[in-house]
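Notes to accompany the following structure.
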Amino acid sequence: MKFENQLLNFAKKTSKIYRSITGKGVRDVLKLIKRDIPNLKIKSVPSGFKAFDWIVPNEWHVEEAYILNKKGEKVIDFKKNNLHLVSYSTSVNKILSLKDLNKNLFSINKLPTAIPYVTSYYKKSWGFCLSHNQRKKLKDKSYKVKIKSNFIKGFLNYGEVYLPGKTKKEIFISTYICHPVMANNESSGPTITKFLTEWIQSKKRFYSYRIIFIPETIGSIVYLKKNLKIMKKNIIAGFNINCVGDNRSYSYLPSRNGNSISDKIAKHVLKWNNKKFIEYTWNERGSDERQYCSPGVDLPVVSLMRSKYGEYPEYHTSLDNFDRVVNAKGLLGGFKINKRAVEAIENNFYPVCKIPCEPKLSKYNLYNPQNKNNYAHLHKFKSSLTDSLYNVLSHCDGKNSLLEISEKILIPIWETYPIIEKLKNLNLIKISFKKLLKNDI
Amino acid sequence: MKFENQLLNFAKKTSKIYRSITGKGVRDVLKLIKRDIPNLKIKSVPSGFKAFDWIVPNEWHVEEAYILNKKGEKVIDFKKNNLHLVSYSTSVNKILSLKDLNKNLFSINKLPTAIPYVTSYYKKSWGFCLSHNQRKKLKDKSYKVKIKSNFIKGFLNYGEVYLPGKTKKEIFISTYICHPVMANNESSGPTITKFLTEWIQSKKRFYSYRIIFIPETIGSIVYLKKNLKIMKKNIIAGFNINCVGDNRSYSYLPSRNGNSISDKIAKHVLKWNNKKFIEYTWNERGSDERQYCSPGVDLPVVSLMRSKYGEYPEYHTSLDNFDRVVNAKGLLGGFKINKRAVEAIENNFYPVCKIPCEPKLSKYNLYNPQNKNNYAHLHKFKSSLTDSLYNVLSHCDGKNSLLEISEKILIPIWETYPIIEKLKNLNLIKISFKKLLKNDI
Amino acid sequence: MKFENQLLNFAKKTSKIYRSITGKGVRDVLKLIKRDIPNLKIKSVPSGFKAFDWIVPNEWHVEEAYILNKKGEKVIDFKKNNLHLVSYSTSVNKILSLKDLNKNLFSINKLPTAIPYVTSYYKKSWGFCLSHNQRKKLKDKSYKVKIKSNFIKGFLNYGEVYLPGKTKKEIFISTYICHPVMANNESSGPTITKFLTEWIQSKKRFYSYRIIFIPETIGSIVYLKKNLKIMKKNIIAGFNINCVGDNRSYSYLPSRNGNSISDKIAKHVLKWNNKKFIEYTWNERGSDERQYCSPGVDLPVVSLMRSKYGEYPEYHTSLDNFDRVVNAKGLLGGFKINKRAVEAIENNFYPVCKIPCEPKLSKYNLYNPQNKNNYAHLHKFKSSLTDSLYNVLSHCDGKNSLLEISEKILIPIWETYPIIEKLKNLNLIKISFKKLLKNDI
């Protein structure tokens, strides 16, 4: 199967598992991922666990949830679309006037076919979400509302993969698995992260990797509570992977300080991938970077996204689906930018030329003296490998990282990898990670 | 009386006291201010006092000064308008041909109704200033000129208010009281400074304040001669208050280095007050910052002005008056920008969040989870206090001053004061001035 | 003779000496320069000398080189135009079919009257260069080709002038003398460098000067091999002088890091000389800065040029001549910018005002108080020396170099020299080179 179709299939599979921030759904998603990544560790903290200002809520389980009209017909049924029920709704079993029912209904006037996604994790409440068209059909004077849900002391679960490299310094990758049903936000994130993990696993690594699959917000806060010290010590770059599935735009959300190596790499990759990418600011944040970059945590975590949460019309509704929003091409683009960012950090060493002055390139069959230096300009002849090689080499002073060199000579960093390979093979340069560890961390 | 009318009344009162760089007029202005600010100290240095490259000149007193035509009529009389006489004119009593008289007359062709303001403090000389229309009427062959003025060993006077705060570090405010008659330049400066002093006096202070009312140039040089060491040690920000009375524009003149905390605050305040403010450069300086920022002095002194000296047509003429240039609204604007600048420096501490990760805002009634995170974007709902609070909090890492936070989250610093108050009351942050004293001084 | 005509005459004389990277021609050019600069030292390294990755090639001498047609007529003859022969061509003596001959012919379709300049220093080869019009006339089936050239163990020569100053810190100037015949690239460089040397020799110097006349590439590499350590220790600024002869544009090629004092001065001089100068990037380098700024060498060498090599149509052809490209005006401009750059570095000290506050300028006859401070603005009166003097003085805090002051007050640095002279004579400032040596080196 083509790689992009593998991405699409897995995303669809993920979206079918109904889940919230705790409970069976989360565990099922983690098990699905563990099938492909056996060294994923599924971890848990109990309900009531205190994490900084937060407390892990009870597990929430739904047995049934529907609304009956006068005739006893289910006009809204959680089984038909899981989004119909406000997440963490309490049990209800009563007859309500339409007027009273309306206080607990959520629909969107402007998107009359969309069922909105609403949650109430920390405030006891109940509610149904429905399309505005459905809502307009509710004309009976009263309706019977039935929700049977249980709150039980259980666990908050998350998955963790640790991939050791040559250094203990880590690249951190996080995605969230609590958003049910929807495609871009968020079946795409766990999907891309799973495939990225497999790719990283298959490569030699300079850095170690900490990759986690968590419920958003409470999950990242719990994870930080348990791992803050080691994370602050080791993490040199981080990515919060989400909204990576549609094919409409590319975008970037910075870390709070905006000038970490993650930020520099992200902007470089996105610029060379598609120069029209959207650069958001910290003021437009909304996902787990709120925790990872918070005062006292201060990790260098950024997001390389397709269309960002909150910025596309179908966001947090049933219309964020595989018909309308997410497709194989979109996922492939989302995979590529994040892969390139990881790869760029892996390769962002400081090359050092072994001799002063230019090497005599013709000795290495890299240079045609009759073309280059003379009337080449008249023919607009351009041996691009040689030119870029020349340019790369001219900056290999041990003070420029490969990223800085690429920025200076105006090519994407991935075009420098074969050049660096060639220069190493010719014994013209050596490479150093030491300076990187000193400078960018 | 409305506050702006109080400003206007005081400015008018000030303008009626005729004064130059020394003498009774200066003392009378200081006494007028001391009526409202009893702890103003009126100080003096004697004529002949040496201050760096300068020597305090004798006091200059005028008894009478006029020009008589053939018929013995006073065609120009100092008593009618004090600007008619060149300041520091020597005594004269002679009949002159019109041709010779003309050498000592000053008028402005392009502003035919304006009497210019001319001084000759350090070069013995005499002259009359008159409107060009008046000048054109001088058709007699000769005129009698009479000036009776005295130069006596006396004093140069200035006023000083010191308001202690929690720290000895000082905010410095200077204005000048030597310009006679005219409204914007300069009855507005002493007026705004007087009212600012009263306001500062009424508030709890972190910083101490050194506020002076001086003759321009010679006064600031004398003051520096006497206080340079302590000023260099303690002053962390400074404002030269002048040209703060008309309602036509807002403007800013930087300190010499242009990047002091005074400069940053001034630009922030003016930008959020009125985005079209004029930013002058050091090359366009012309007032006491020439001394305060001079090599060897290097104080961080800036000006937040309305229409700057030299930049409006009525400048340094009789047309700079309360009919044409200065009004209550203009003065109120001048007061507000300088007050906001002072207030911003007082509040520019480094807030520190007390816990890692976001606090659980719903615990504090600051957050409606069903609105914010979900389909709020569809309704363009914006709880601006909550949003700004969220944004402020996200930067409270002890490394960002309140000014830096405001710049990052794109709101004026004064909108953060109630937020900081709320966050302190909720015990979510603590504030630190230590870093400020280390960083910005 | 007018100075610009002296420049033109010398450039023409230089262009007539046929030369390559080694041999008699180089020595003859050096002797021509030594006539005017007796302390030029002519130095040599032997063929086979190893310099980093390079080896000095044998000397190349041509006795004759021509192509005969069927009738025995010389259709191409090296004696008619030295560019006809590919530099470092090996000996040949055979009859070739036109088809085979064509493989060794070089002409330019788009410039049908131009003979291109082609070299093959390090790859044994031979060839003829001719205009495309000449080439089209070659219609015989076969031609006799005769090249008689010798490769002998000899020397690579270069010239060196060392001019001591008050400090051992050096300004470095390099130009190349290997390009035959052509005018802008490169008879202009040695010409301007010769005259610049004479001018520097005639002046009191703060810095010492290292000035070299070398063959391009191999010459600079050899020179660096022999002098790298002392150069790295002493050189604070450097200029590679080339392409300084036409009157069509001004341009600048930066050092690799782009922020050395050479770069700052170059941009300042060119900006004030002609605001439309072209600023190239390191990516567009092509001359000896490739060696001087290479990793491990890292000298602050820039080029202030007229039309840059590779950027004008006649480049590296017989059309780069004194009819079409180079003229007296062009050379004079090339001389002026490089002289001004050298002069600016010599003068780029840190002036320090001797007293705090403004000096009382009227004491020094520098100030007309009745004009300046008062209604001058109405007359748009501007005493520019006084104003600039005032502005210069306001920045003499010992932290601003003269270049920085000039940039701040928006005048070319050369306009500050008489002001500094005046201020020194009035004993208002002292000057310091110490900080310069500390800061910019």
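Following the order of the structure tokens, chains are lettered A, B, ..., residues in each are numbered from 1, and ligands are numbered from 1.
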With 7 Å as the limit and counting only C-alpha atoms, what residues in chain C lie close to chain A? Please list them as a compact mmCIF listing (two decimals) with C-alpha atoms, in the first residue's frame.
# COMPACT_ATOMS: atom_id res chain seq x y z
CA PHE C 52 47.93 23.61 1.72
CA ASP C 53 46.00 21.58 -0.88
CA TRP C 54 47.84 23.17 -3.80
CA PRO C 116 37.08 34.90 -24.62
CA TYR C 117 39.71 34.47 -21.92
CA VAL C 118 40.22 30.80 -21.04
CA THR C 119 42.81 29.10 -18.84
CA SER C 120 43.75 25.55 -18.01
CA ILE C 221 47.19 30.59 -1.18
CA ASN C 283 27.42 33.63 -2.27
CA ARG C 290 37.66 32.90 -1.23
CA GLN C 291 41.06 32.25 0.37
CA SER C 294 38.15 30.71 4.18
CA PRO C 295 37.60 28.64 7.32
CA GLY C 296 40.88 28.58 9.23
CA VAL C 297 42.01 31.86 7.67
CA GLY C 310 31.02 38.17 -13.86
CA HIS C 316 36.73 37.84 -19.35
task = Find the residues near C:Ser131: any atom within 7 Å, counting only C-alpha atoms, skip ones fewer than 4 places away on the same chain, and give them as a VMD selection string.
result = chain C and resid 107 to 108 112 to 115 135
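Using only C-alpha atoms, the smallest distance between any of C:Ile33, C:Lys422, C:Ala183, C:Ala65 and C:Arg324 comes from C:Ala183.
The space separating atom CA of B:Leu101 from atom CA of B:His132 comes to 14.5 Å.
Using only C-alpha atoms, the contacts of C:Lys31 at a cut-off of 9 Å, with sequence neighbours closer than 5 positions omitted, comprise C:Val26, C:Leu40, C:Ile42.
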inquiry  = If we count only C-alpha atoms and set the cut-off at 9 Å, which residues sit around B:Tyr162, ignoring sequence neighbours fewer than 2 positions away in its own chain? Please answer as JSON, numbers by chain.
reply    = {"B": [39, 40, 41, 160, 164, 208, 209, 210, 211, 212]}
Atoms kept (N, CA and C atoms) for selection, written as a compact mmCIF listing (two decimals), in the first residue's frame:
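Once everything was written out, this is again-v4.txt:
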# COMPACT_ATOMS: atom_id res chain seq x y z
N ASN B 39 6.56 71.25 49.99
CA ASN B 39 7.92 70.71 50.16
C ASN B 39 8.83 70.98 48.96
N LEU B 40 8.42 71.87 48.07
CA LEU B 40 9.35 72.35 47.04
C LEU B 40 10.42 73.18 47.73
N LYS B 41 11.69 72.82 47.46
CA LYS B 41 12.77 73.64 48.03
C LYS B 41 13.27 74.61 46.96
N GLU B 160 13.27 72.29 43.73
CA GLU B 160 13.58 70.86 43.79
C GLU B 160 12.61 70.17 44.75
N PRO B 164 10.69 60.45 48.56
CA PRO B 164 11.32 59.14 48.78
C PRO B 164 10.36 57.98 48.49
N SER B 208 12.09 56.44 44.27
CA SER B 208 12.14 57.81 44.76
C SER B 208 12.11 58.75 43.55
N TYR B 209 11.71 59.99 43.81
CA TYR B 209 11.57 60.95 42.70
C TYR B 209 12.38 62.20 42.96
N ARG B 210 13.10 62.63 41.96
CA ARG B 210 13.81 63.91 41.97
C ARG B 210 13.17 64.76 40.89
N ILE B 211 12.50 65.82 41.31
CA ILE B 211 11.74 66.66 40.37
C ILE B 211 12.26 68.08 40.46
N ILE B 212 12.66 68.64 39.31
CA ILE B 212 13.25 69.99 39.38
C ILE B 212 12.62 70.95 38.38
key: Nearby residues (only C-alpha atoms) at most 6 Å from A:Ile171, same-chain spacing under 4 positions excluded, as a PyMOL selection string   = chain A and resi 209+235+237-238
Go ahead and write the residues just picked, C-alpha atoms, as a compact mmCIF listing (two decimals), in the first residue's frame.
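Contents of result-v1.txt, freshly written:
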# COMPACT_ATOMS: atom_id res chain seq x y z
CA TYR A 209 13.79 10.44 21.77
CA ILE A 235 15.25 18.00 26.09
CA ALA A 237 13.98 20.35 20.99
CA GLY A 238 10.34 19.38 21.02
Picked from stretch 188-219 of chain C by DSSP as helix (DSSP H, G or I), as JSON, numbers by chain = {"C": [188, 189, 190, 191, 192, 193, 194, 195, 196, 197, 198, 199, 200, 201, 218, 219]}
Write the selection just made, keeping N, CA and C atoms, as a PDB file, in the first residue's frame?
ATOM      1  N   SER C 188      42.976  47.321 -13.756  1.00  0.00           N
ATOM      2  CA  SER C 188      42.562  48.391 -12.845  1.00  0.00           C
ATOM      3  C   SER C 188      43.050  48.137 -11.415  1.00  0.00           C
ATOM      4  N   GLY C 189      42.961  46.883 -10.970  1.00  0.00           N
ATOM      5  CA  GLY C 189      43.328  46.568  -9.575  1.00  0.00           C
ATOM      6  C   GLY C 189      44.764  46.912  -9.247  1.00  0.00           C
ATOM      7  N   PRO C 190      45.749  46.388 -10.009  1.00  0.00           N
ATOM      8  CA  PRO C 190      47.141  46.744  -9.723  1.00  0.00           C
ATOM      9  C   PRO C 190      47.385  48.256  -9.822  1.00  0.00           C
ATOM     10  N   THR C 191      46.692  48.908 -10.752  1.00  0.00           N
ATOM     11  CA  THR C 191      46.868  50.354 -10.913  1.00  0.00           C
ATOM     12  C   THR C 191      46.418  51.105  -9.671  1.00  0.00           C
ATOM     13  N   ILE C 192      45.175  50.858  -9.276  1.00  0.00           N
ATOM     14  CA  ILE C 192      44.642  51.560  -8.097  1.00  0.00           C
ATOM     15  C   ILE C 192      45.481  51.228  -6.870  1.00  0.00           C
ATOM     16  N   THR C 193      45.896  49.973  -6.748  1.00  0.00           N
ATOM     17  CA  THR C 193      46.683  49.571  -5.580  1.00  0.00           C
ATOM     18  C   THR C 193      48.035  50.275  -5.563  1.00  0.00           C
ATOM     19  N   LYS C 194      48.638  50.413  -6.733  1.00  0.00           N
ATOM     20  CA  LYS C 194      49.919  51.128  -6.785  1.00  0.00           C
ATOM     21  C   LYS C 194      49.765  52.565  -6.311  1.00  0.00           C
ATOM     22  N   PHE C 195      48.765  53.255  -6.837  1.00  0.00           N
ATOM     23  CA  PHE C 195      48.588  54.666  -6.462  1.00  0.00           C
ATOM     24  C   PHE C 195      48.156  54.809  -5.001  1.00  0.00           C
ATOM     25  N   LEU C 196      47.369  53.869  -4.539  1.00  0.00           N
ATOM     26  CA  LEU C 196      46.948  53.872  -3.142  1.00  0.00           C
ATOM     27  C   LEU C 196      48.158  53.704  -2.226  1.00  0.00           C
ATOM     28  N   THR C 197      49.056  52.801  -2.629  1.00  0.00           N
ATOM     29  CA  THR C 197      50.280  52.578  -1.852  1.00  0.00           C
ATOM     30  C   THR C 197      51.081  53.861  -1.750  1.00  0.00           C
ATOM     31  N   GLU C 198      51.219  54.555  -2.872  1.00  0.00           N
ATOM     32  CA  GLU C 198      51.981  55.810  -2.848  1.00  0.00           C
ATOM     33  C   GLU C 198      51.327  56.823  -1.916  1.00  0.00           C
ATOM     34  N   TRP C 199      49.992  56.874  -1.952  1.00  0.00           N
ATOM     35  CA  TRP C 199      49.281  57.828  -1.082  1.00  0.00           C
ATOM     36  C   TRP C 199      49.465  57.455   0.402  1.00  0.00           C
ATOM     37  N   ILE C 200      49.335  56.185   0.706  1.00  0.00           N
ATOM     38  CA  ILE C 200      49.492  55.735   2.096  1.00  0.00           C
ATOM     39  C   ILE C 200      50.901  56.026   2.594  1.00  0.00           C
ATOM     40  N   GLN C 201      51.874  55.768   1.699  1.00  0.00           N
ATOM     41  CA  GLN C 201      53.282  56.015   2.016  1.00  0.00           C
ATOM     42  C   GLN C 201      53.530  57.473   2.390  1.00  0.00           C
ATOM     43  N   ILE C 218      46.283  30.902  -6.669  1.00  0.00           N
ATOM     44  CA  ILE C 218      47.517  30.233  -6.240  1.00  0.00           C
ATOM     45  C   ILE C 218      48.426  31.215  -5.495  1.00  0.00           C
ATOM     46  N   GLY C 219      48.405  32.473  -5.927  1.00  0.00           N
ATOM     47  CA  GLY C 219      49.230  33.489  -5.271  1.00  0.00           C
ATOM     48  C   GLY C 219      48.770  33.774  -3.859  1.00  0.00           C
TER      49      GLY C 219
END
query = Residues of stretch 40-153 of chain A in strand (DSSP E) according to DSSP, as an MDAnalysis selection string?
reply = chainID A and resid 41:46 50:51 54:55 59:68 74:77 92:97 105:106 128:129 142:152
Which residues come within 8 Å of C:Ile431, counting only C-alpha atoms, excluding same-chain residues fewer than 6 positions away, as a short mmCIF file (atom, residue, chain, number, x, y, z; two decimals) with C-alpha atoms, in the first residue's frame?
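The result, stored in around24.cif:
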data_model
loop_
_atom_site.label_atom_id
_atom_site.label_comp_id
_atom_site.auth_asym_id
_atom_site.auth_seq_id
_atom_site.Cartn_x
_atom_site.Cartn_y
_atom_site.Cartn_z
CA PHE C 349 39.05 56.32 16.73
CA TYR C 350 36.95 56.93 19.80
CA PRO C 351 36.77 60.64 20.59
CA VAL C 352 36.15 61.58 24.22
#
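Candidate residues B:Ser260, B:Thr416, B:Val326, B:Phe10 were compared for distance to B:Asp36, and the nearest is B:Phe10, using only C-alpha atoms.
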